[in-house]
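What follows is the content of entry_2.tsv, which has TSV, C-alpha atoms:
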```tsv
chain	number	residue	atom	x	y	z
A	686	MET	CA	13.46	-17.92	11.38
A	687	LYS	CA	9.68	-17.70	11.32
A	688	LYS	CA	7.64	-19.35	8.59
A	689	LYS	CA	6.68	-16.96	5.82
A	690	ASN	CA	3.04	-16.02	5.43
A	691	TYR	CA	1.68	-15.98	1.89
A	692	VAL	CA	-1.32	-17.29	-0.04
A	693	ILE	CA	-1.18	-19.41	-3.19
A	694	TYR	CA	-4.57	-20.19	-4.71
A	695	PRO	CA	-5.27	-23.11	-7.08
A	696	ASN	CA	-4.35	-22.77	-10.78
A	697	VAL	CA	-0.96	-21.21	-10.08
A	698	LYS	CA	2.19	-22.51	-11.77
A	699	ILE	CA	5.47	-21.24	-10.34
A	700	GLY	CA	8.88	-21.80	-11.92
A	701	SER	CA	11.95	-23.06	-10.09
A	702	ASN	CA	14.13	-20.96	-7.76
A	703	THR	CA	11.35	-18.51	-7.00
A	704	ILE	CA	11.55	-16.41	-3.82
A	705	ILE	CA	8.23	-15.51	-2.17
A	706	GLU	CA	8.28	-13.03	0.70
A	707	ASP	CA	5.64	-12.38	3.39
A	708	TYR	CA	2.04	-11.45	2.58
A	709	VAL	CA	2.24	-12.24	-1.12
A	710	ILE	CA	-1.02	-13.37	-2.77
A	711	LEU	CA	-0.79	-15.47	-5.93
A	712	GLY	CA	-3.73	-16.46	-8.13
A	713	LYS	CA	-6.29	-13.97	-6.85
A	714	THR	CA	-9.51	-13.94	-8.90
A	715	SER	CA	-11.87	-11.21	-10.05
A	716	VAL	CA	-15.23	-10.97	-11.82
A	717	ASN	CA	-13.31	-11.12	-15.12
A	718	THR	CA	-11.50	-14.38	-14.44
A	719	LYS	CA	-12.66	-17.89	-15.27
A	720	LYS	CA	-12.11	-21.18	-13.48
A	721	LYS	CA	-9.74	-22.38	-16.20
A	722	ASP	CA	-7.51	-19.28	-15.98
A	723	ILE	CA	-3.97	-19.91	-14.72
A	724	LEU	CA	-1.33	-17.66	-13.23
A	725	LYS	CA	2.03	-18.66	-14.72
A	726	ILE	CA	5.29	-17.36	-13.26
A	727	GLY	CA	8.64	-18.27	-14.83
A	728	SER	CA	11.77	-19.39	-13.03
A	729	ASN	CA	14.01	-17.25	-10.81
A	730	ALA	CA	11.29	-14.80	-9.79
A	731	ILE	CA	11.53	-12.59	-6.70
A	732	LEU	CA	8.10	-11.65	-5.31
A	733	ARG	CA	8.54	-9.09	-2.57
A	734	THR	CA	6.34	-8.36	0.42
A	735	GLY	CA	2.68	-7.62	-0.32
A	736	THR	CA	2.80	-8.44	-4.04
A	737	ILE	CA	-0.59	-9.47	-5.49
A	738	LEU	CA	-0.74	-11.37	-8.79
A	739	TYR	CA	-4.11	-12.29	-10.31
A	740	THR	CA	-4.88	-15.50	-12.15
A	741	GLY	CA	-4.96	-15.42	-15.95
A	742	THR	CA	-1.64	-13.57	-16.22
A	743	THR	CA	1.53	-15.08	-17.71
A	744	ILE	CA	4.95	-13.86	-16.56
A	745	GLY	CA	8.33	-14.89	-17.99
A	746	LYS	CA	11.54	-15.79	-16.19
A	747	ASN	CA	13.65	-13.55	-13.94
A	748	PHE	CA	10.69	-11.42	-12.87
A	749	GLN	CA	10.96	-9.09	-9.87
A	750	SER	CA	8.28	-7.18	-8.01
A	751	GLY	CA	8.74	-4.44	-5.44
A	752	ASP	CA	6.80	-4.34	-2.18
A	753	HIS	CA	3.02	-4.14	-2.68
A	754	ALA	CA	3.10	-4.30	-6.48
A	755	ARG	CA	-0.20	-5.46	-8.01
A	756	ILE	CA	-0.74	-7.13	-11.39
A	757	ARG	CA	-4.29	-7.83	-12.52
A	758	GLU	CA	-5.62	-10.61	-14.77
A	759	ASN	CA	-4.95	-11.44	-18.43
A	760	ASN	CA	-1.62	-9.67	-18.79
A	761	MET	CA	1.25	-11.03	-20.89
A	762	ILE	CA	4.64	-10.15	-19.38
A	763	GLY	CA	8.00	-11.15	-20.87
A	764	ASN	CA	11.37	-12.13	-19.41
A	765	ASN	CA	13.60	-10.00	-17.17
A	766	VAL	CA	10.85	-7.60	-16.15
A	767	SER	CA	10.87	-5.55	-12.95
A	768	ILE	CA	7.77	-3.88	-11.46
A	769	GLY	CA	8.51	-1.39	-8.67
A	770	SER	CA	6.93	-0.95	-5.27
A	771	ASN	CA	3.26	0.09	-5.20
A	772	SER	CA	2.98	0.02	-9.00
A	773	ILE	CA	-0.24	-1.27	-10.55
A	774	ILE	CA	-0.69	-3.12	-13.83
A	775	GLU	CA	-4.36	-3.37	-14.76
A	776	CYS	CA	-5.73	-6.22	-16.92
A	777	ASP	CA	-5.26	-7.03	-20.63
A	778	SER	CA	-1.93	-5.32	-21.20
A	779	LYS	CA	1.24	-6.57	-22.91
A	780	ILE	CA	4.73	-5.99	-21.52
A	781	GLY	CA	7.79	-7.15	-23.46
A	782	ASN	CA	11.21	-8.38	-22.35
A	783	ASN	CA	13.73	-6.40	-20.28
A	784	VAL	CA	11.20	-3.79	-19.18
A	785	ARG	CA	11.85	-1.74	-16.04
A	786	ILE	CA	8.89	-0.05	-14.36
A	787	HIS	CA	9.84	1.92	-11.25
A	788	SER	CA	7.74	2.56	-8.14
A	789	LEU	CA	4.30	4.20	-8.00
A	790	CYS	CA	3.47	3.73	-11.69
A	791	PHE	CA	-0.02	3.10	-13.04
A	792	ILE	CA	-0.49	1.04	-16.23
A	793	PRO	CA	-4.16	0.77	-17.33
A	794	GLU	CA	-5.94	-1.81	-19.46
A	795	TYR	CA	-4.91	-2.31	-23.12
A	796	THR	CA	-1.47	-0.73	-22.80
A	797	ILE	CA	1.49	-2.09	-24.79
A	798	LEU	CA	5.09	-1.74	-23.58
A	799	GLU	CA	7.56	-3.24	-26.04
A	800	ASP	CA	11.00	-4.68	-25.20
A	801	ASP	CA	13.57	-2.64	-23.28
A	802	VAL	CA	11.20	0.15	-22.19
A	803	TRP	CA	12.40	2.06	-19.10
A	804	MET	CA	9.87	3.91	-16.96
A	805	GLY	CA	10.75	6.22	-14.07
A	806	PRO	CA	8.79	6.46	-10.81
A	807	GLY	CA	5.33	7.98	-10.65
A	808	VAL	CA	4.39	7.60	-14.32
A	809	THR	CA	0.63	7.65	-14.96
A	810	ILE	CA	-0.83	6.16	-18.14
A	811	THR	CA	-4.47	6.70	-19.13
A	812	ASN	CA	-6.73	4.82	-21.55
A	813	VAL	CA	-10.17	6.52	-21.70
A	814	MET	CA	-10.67	9.78	-23.60
A	815	HIS	CA	-13.77	10.88	-21.68
A	816	PRO	CA	-14.05	9.17	-18.28
A	817	PRO	CA	-16.21	7.82	-16.86
A	818	CYS	CA	-17.22	6.08	-20.08
A	819	PRO	CA	-20.37	3.87	-19.86
A	820	VAL	CA	-19.17	1.81	-22.82
A	821	PHE	CA	-15.99	0.75	-21.05
A	822	LYS	CA	-17.43	-2.10	-19.00
A	823	GLU	CA	-19.70	-3.34	-21.79
A	824	ARG	CA	-17.32	-3.23	-24.75
A	825	GLY	CA	-13.93	-2.42	-23.32
A	826	LYS	CA	-12.22	-5.44	-24.86
A	827	GLU	CA	-12.93	-4.23	-28.38
A	828	MET	CA	-9.53	-2.68	-28.99
A	829	LYS	CA	-10.80	-0.84	-32.09
A	830	LEU	CA	-12.82	1.55	-29.94
A	831	LYS	CA	-10.74	4.71	-30.21
A	832	CYS	CA	-12.01	6.12	-26.93
A	833	ILE	CA	-10.73	3.12	-24.92
A	834	LYS	CA	-7.13	2.34	-25.74
A	835	GLY	CA	-3.92	2.51	-23.78
A	836	PRO	CA	-0.75	4.00	-25.27
A	837	ILE	CA	1.84	2.01	-27.20
A	838	ILE	CA	5.39	2.54	-25.98
A	839	ARG	CA	7.81	1.21	-28.57
A	840	LYS	CA	11.08	-0.62	-28.07
A	841	GLY	CA	13.71	1.06	-25.94
A	842	ALA	CA	11.72	4.20	-25.16
A	843	ILE	CA	12.44	6.05	-21.91
A	844	ILE	CA	9.61	7.61	-19.90
A	845	GLY	CA	10.81	10.08	-17.25
A	846	ALA	CA	9.50	10.32	-13.69
A	847	GLY	CA	6.07	11.84	-13.14
A	848	THR	CA	5.07	11.74	-16.82
A	849	ILE	CA	1.40	11.52	-17.82
A	850	LEU	CA	0.53	9.74	-21.08
A	851	LEU	CA	-2.91	10.22	-22.65
A	852	PRO	CA	-4.94	7.39	-24.24
A	853	GLY	CA	-3.98	5.93	-27.60
A	854	ILE	CA	-0.77	7.88	-28.18
A	855	GLU	CA	2.38	6.16	-29.48
A	856	VAL	CA	5.86	6.79	-28.12
A	857	GLY	CA	8.30	5.85	-30.86
A	858	GLU	CA	11.26	3.49	-30.69
A	859	GLY	CA	14.14	4.86	-28.65
A	860	ALA	CA	12.35	8.11	-27.80
A	861	PHE	CA	12.91	10.00	-24.54
A	862	VAL	CA	10.04	11.67	-22.67
A	863	ALA	CA	11.45	14.08	-20.07
A	864	ALA	CA	10.30	13.97	-16.44
A	865	GLY	CA	7.05	15.73	-15.63
A	866	SER	CA	5.81	15.85	-19.22
A	867	VAL	CA	2.17	15.54	-20.27
A	868	VAL	CA	2.09	13.69	-23.59
A	869	LEU	CA	-0.96	14.51	-25.71
A	870	ASP	CA	0.33	13.44	-29.14
A	871	ASP	CA	2.52	10.75	-30.70
A	872	VAL	CA	6.27	10.98	-30.11
A	873	LYS	CA	8.54	10.26	-33.08
A	874	PRO	CA	11.31	7.64	-32.75
A	875	HIS	CA	14.65	8.74	-31.25
A	876	THR	CA	13.40	12.20	-30.32
A	877	VAL	CA	13.34	14.01	-26.96
A	878	VAL	CA	10.12	15.69	-25.81
A	879	ALA	CA	9.41	17.74	-22.69
A	880	GLY	CA	6.85	20.07	-21.18
A	881	VAL	CA	3.11	20.52	-20.68
A	882	PRO	CA	2.03	19.68	-23.29
A	883	ALA	CA	5.13	17.79	-24.39
A	884	LYS	CA	6.96	19.20	-27.42
A	885	LYS	CA	10.08	18.09	-29.26
A	886	ILE	CA	13.18	19.77	-27.85
A	887	SER	CA	15.97	17.62	-29.31
A	888	GLU	CA	16.95	14.30	-30.76
A	889	ILE	CA	18.74	11.55	-28.87
A	890	LYS	CA	21.83	11.99	-31.03
A	891	ASP	CA	22.13	15.64	-29.91
A	892	LEU	CA	21.92	15.16	-26.15
A	893	VAL	CA	24.79	16.50	-24.06
A	894	CYS	CA	26.20	14.90	-20.89
A	895	ASP	CA	26.49	17.69	-18.29
A	896	PRO	CA	29.25	15.98	-16.22
A	897	GLY	CA	31.25	15.49	-19.42
A	898	ILE	CA	31.51	11.74	-19.11
A	899	TYR	CA	30.18	11.32	-22.63
A	900	GLY	CA	30.62	13.45	-25.72
A	901	LYS	CA	27.73	15.02	-27.60
A	902	GLY	CA	25.29	12.37	-28.75
A	903	GLU	CA	27.08	9.56	-26.89
A	904	ILE	CA	24.93	9.47	-23.74
A	905	TYR	CA	22.88	6.54	-25.00
A	906	SER	CA	25.51	4.99	-27.23
A	907	TRP	CA	25.49	1.94	-24.96
A	908	ARG	CA	21.83	1.39	-25.95
A	909	SER	CA	22.46	1.52	-29.69
A	910	SER	CA	22.60	-2.27	-29.97
A	911	LEU	CA	18.90	-2.39	-29.04
A	912	PHE	CA	17.90	-0.89	-32.36
A	913	LYS	CA	19.98	-2.96	-34.78
```
Final C-alpha cells representation of the file:
Amino acid sequence: MKKKNYVIYPNVKIGSNTIIEDYVILGKTSVNTKKKDILKIGSNAILRTGTILYTGTTIGKNFQSGDHARIRENNMIGNNVSIGSNSIIECDSKIGNNVRIHSLCFIPEYTILEDDVWMGPGVTITNVMHPPCPVFKERGKEMKLKCIKGPIIRKGAIIGAGTILLPGIEVGEGAFVAAGSVVLDDVKPHTVVAGVPAKKISEIKDLVCDPGIYGKGEIYSWRSSLFK
C-alpha cells in the first residue's frame, strides 16, 4: 500500500482514531486568519480525498467529509456532522450537532444551522441582499447589518434538494422546505413550504406517505423526540 499524500500545517489539533485520505489539506490559512488560530478536529473523524479545512475552525467528534469538501476559517461545528462531496462552508458560520449536509451545497458566511438539520444536495444559501456589496469586506462581521446576514435554520428542519434560501430568513423548527423551492420569507415551525416563491402547502402533521408505509401525519413520527 502506498503512503498517503496529505498536508497538515502547524496549529492543527486532531483527535484520536481519525482517518485522513489522499490530498487532504488541514490548517490552510487565509487573509482573515491569525497566527494564533487553531484548527481543532474531534475524535473519530473521516476526512475524505481532497478535503480542505482552514485554521480557526473547531469541529466536534465523529465528523465526516465527502470528497473535495471545503470548510473555511472561524466556523463552529458540532458533533456527528457530515459535509457532502464538493460542498463549501464559508467562514464565520455555526453548525450544530447531528447535521447532515449533502453534496454540492453552498453555505455562506454568518449562517446558523441548529441541531439535527438535514439538507439535500445542491442547496444554495445566500447572505447579501444586494451583491456585490462594498460594505461586506469592511464591516461584514457586524451581524446587525441587515443586508449581510445568512439564514437561520432551526432545529430539525429539512431543506430539500436544489433549494435556494435568501439572506436573513428563518426556517422554523421542524419545518420542511420542498425540493427546488426559492425561500424569500420566514418559514413557520412544523410547516411544509414549496414553490417559487415558496408558500405554505401543508403542515408536517398532515403529510401523507404515498407508498402507504405510514399513516397520515406519521411520516416523521420517528423525529418527534427531537422536539421534546
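Around the coordinate (-10.7, 12.1, -18.1), residues that reach within 12 Å when counting only C-alpha atoms are Ile810, Thr811, Asn812, Val813, Met814, His815, Pro816, Pro817, Cys818, Cys832, Ile833, Leu850, Leu851 and Pro852 of chain A.
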Might you pull out every residue within 6 Å of Gly847 of chain A, with all atoms listed in the file counted and same-chain residues fewer than 3 positions away left off, and present them as a CSV table (one decimal) with C-alpha atoms, keeping the file's coordinate frame?
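Saved as out07.csv:
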```csv
chain,number,residue,atom,x,y,z
A,807,GLY,CA,5.3,8.0,-10.6
A,808,VAL,CA,4.4,7.6,-14.3
A,864,ALA,CA,10.3,14.0,-16.4
A,865,GLY,CA,7.0,15.7,-15.6
```
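Distance-wise, atom CA of Ala879 of chain A and atom CA of His787 of chain A end up 19.5 Å apart.
Here the question is which of A:Pro882, A:Gly769, A:Gly805, A:Gly859 gets nearest to Gly751 of chain A using only C-alpha atoms, and that residue is A:Gly769.
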| task | Name the residues in contact with Leu911 of chain A at a cut-off of 12 Å, using all atoms listed in the file, excluding same-chain residues fewer than 5 positions from it; report them as a ChimeraX atom specification. | result | /A:782-783,799-802,839-842,858-859,905-906
Applying 10 Å and all atoms listed in the file, which residues near segment 740-748 of chain A remain after dropping the ones on its own chain fewer than 2 positions away? List them as a ChimeraX atom specification. /A:694-703,711-715,717-732,737-738,750,756-768,776-784
Practice task
May I ask which of the residues A:Ile693, A:Ile838, A:Ile797, A:Arg733 is the closest one to Asp707 of chain A, counting all atoms listed in the file?
Solution key: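 Smallest distance to Asp707 of chain A is found for A:Arg733.
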So which residues touch segment 885-892 of chain A within 8 Å, counting all atoms listed in the file, skipping near sequence neighbours fewer than 6 positions away, as a list in words?
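Residues near the query, excluding close chain neighbours: Ala860, Phe861, His875, Thr876, Val877, Val878, Ala879, Lys901, Gly902, Glu903, Ile904 and Tyr905 of chain A.
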>> Report, in Å to a single decimal, how far apart atom CA of Lys873 of chain A and atom CA of Val893 of chain A are.
In response: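 One can read the atom CA of Val893 of chain A to atom CA of Lys873 of chain A distance as 19.6 Å.
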Determine, counting all atoms listed in the file, every residue of protein, DNA or RNA that lies within 6 Å of (0.4, 5.8, -29.9) in the file coordinates, then give the result as a ChimeraX atom specification. /A:836-837,853-856,871
Prev. selection, C-alpha atoms, output as an mmCIF file, keeping the file's coordinate frame:
```
data_model
loop_
_atom_site.group_PDB
_atom_site.id
_atom_site.type_symbol
_atom_site.label_atom_id
_atom_site.label_comp_id
_atom_site.auth_asym_id
_atom_site.auth_seq_id
_atom_site.Cartn_x
_atom_site.Cartn_y
_atom_site.Cartn_z
ATOM 1 C CA PRO A 836 -0.750 4.000 -25.270
ATOM 2 C CA ILE A 837 1.840 2.010 -27.200
ATOM 3 C CA GLY A 853 -3.980 5.930 -27.600
ATOM 4 C CA ILE A 854 -0.770 7.880 -28.180
ATOM 5 C CA GLU A 855 2.380 6.160 -29.480
ATOM 6 C CA VAL A 856 5.860 6.790 -28.120
ATOM 7 C CA ASP A 871 2.520 10.750 -30.700
#
```
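Pairwise distance (atom CA of Lys689 of chain A, atom CA of Gly735 of chain A) equals 11.9 Å.
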Centre and edge lengths of an axis-aligned box around all listed atoms of segment 795-806 of chain A, with 3 Å added on each side, are to be given in Å to one decimal, as JSON.
```
{"center_x": 4.3, "center_y": 0.9, "center_z": -18.4, "size_x": 24.5, "size_y": 17.1, "size_z": 21.2}
```
Provide segment 745-760 of chain A rebuilt to N, CA and C atoms, formatted as a compact mmCIF listing (two decimals), in the coordinates of the input.
```
# COMPACT_ATOMS: atom_id res chain seq x y z
N GLY A 745 7.13 -14.15 -17.60
CA GLY A 745 8.33 -14.89 -17.99
C GLY A 745 9.31 -15.09 -16.85
N LYS A 746 10.52 -15.51 -17.20
CA LYS A 746 11.54 -15.79 -16.19
C LYS A 746 12.23 -14.52 -15.70
N ASN A 747 12.86 -14.64 -14.54
CA ASN A 747 13.65 -13.55 -13.94
C ASN A 747 12.80 -12.32 -13.63
N PHE A 748 11.58 -12.52 -13.23
CA PHE A 748 10.69 -11.42 -12.87
C PHE A 748 10.98 -10.95 -11.46
N GLN A 749 10.84 -9.64 -11.22
CA GLN A 749 10.96 -9.09 -9.87
C GLN A 749 9.84 -8.10 -9.61
N SER A 750 9.27 -8.17 -8.43
CA SER A 750 8.28 -7.18 -8.01
C SER A 750 8.77 -6.48 -6.76
N GLY A 751 8.47 -5.17 -6.67
CA GLY A 751 8.74 -4.44 -5.44
C GLY A 751 7.63 -4.68 -4.42
N ASP A 752 7.80 -4.17 -3.23
CA ASP A 752 6.80 -4.34 -2.18
C ASP A 752 5.45 -3.77 -2.63
N HIS A 753 4.41 -4.55 -2.44
CA HIS A 753 3.02 -4.14 -2.68
C HIS A 753 2.72 -3.82 -4.15
N ALA A 754 3.46 -4.40 -5.07
CA ALA A 754 3.10 -4.30 -6.48
C ALA A 754 1.86 -5.15 -6.74
N ARG A 755 1.02 -4.71 -7.70
CA ARG A 755 -0.20 -5.46 -8.01
C ARG A 755 -0.33 -5.60 -9.52
N ILE A 756 -0.56 -6.84 -9.96
CA ILE A 756 -0.74 -7.13 -11.39
C ILE A 756 -2.04 -7.86 -11.56
N ARG A 757 -2.96 -7.26 -12.33
CA ARG A 757 -4.29 -7.83 -12.52
C ARG A 757 -4.27 -8.96 -13.55
N GLU A 758 -5.47 -9.42 -13.93
CA GLU A 758 -5.62 -10.61 -14.77
C GLU A 758 -5.35 -10.34 -16.25
N ASN A 759 -5.04 -11.42 -16.96
CA ASN A 759 -4.95 -11.44 -18.43
C ASN A 759 -3.87 -10.53 -19.00
N ASN A 760 -2.78 -10.39 -18.27
CA ASN A 760 -1.62 -9.67 -18.79
C ASN A 760 -0.59 -10.66 -19.33
```
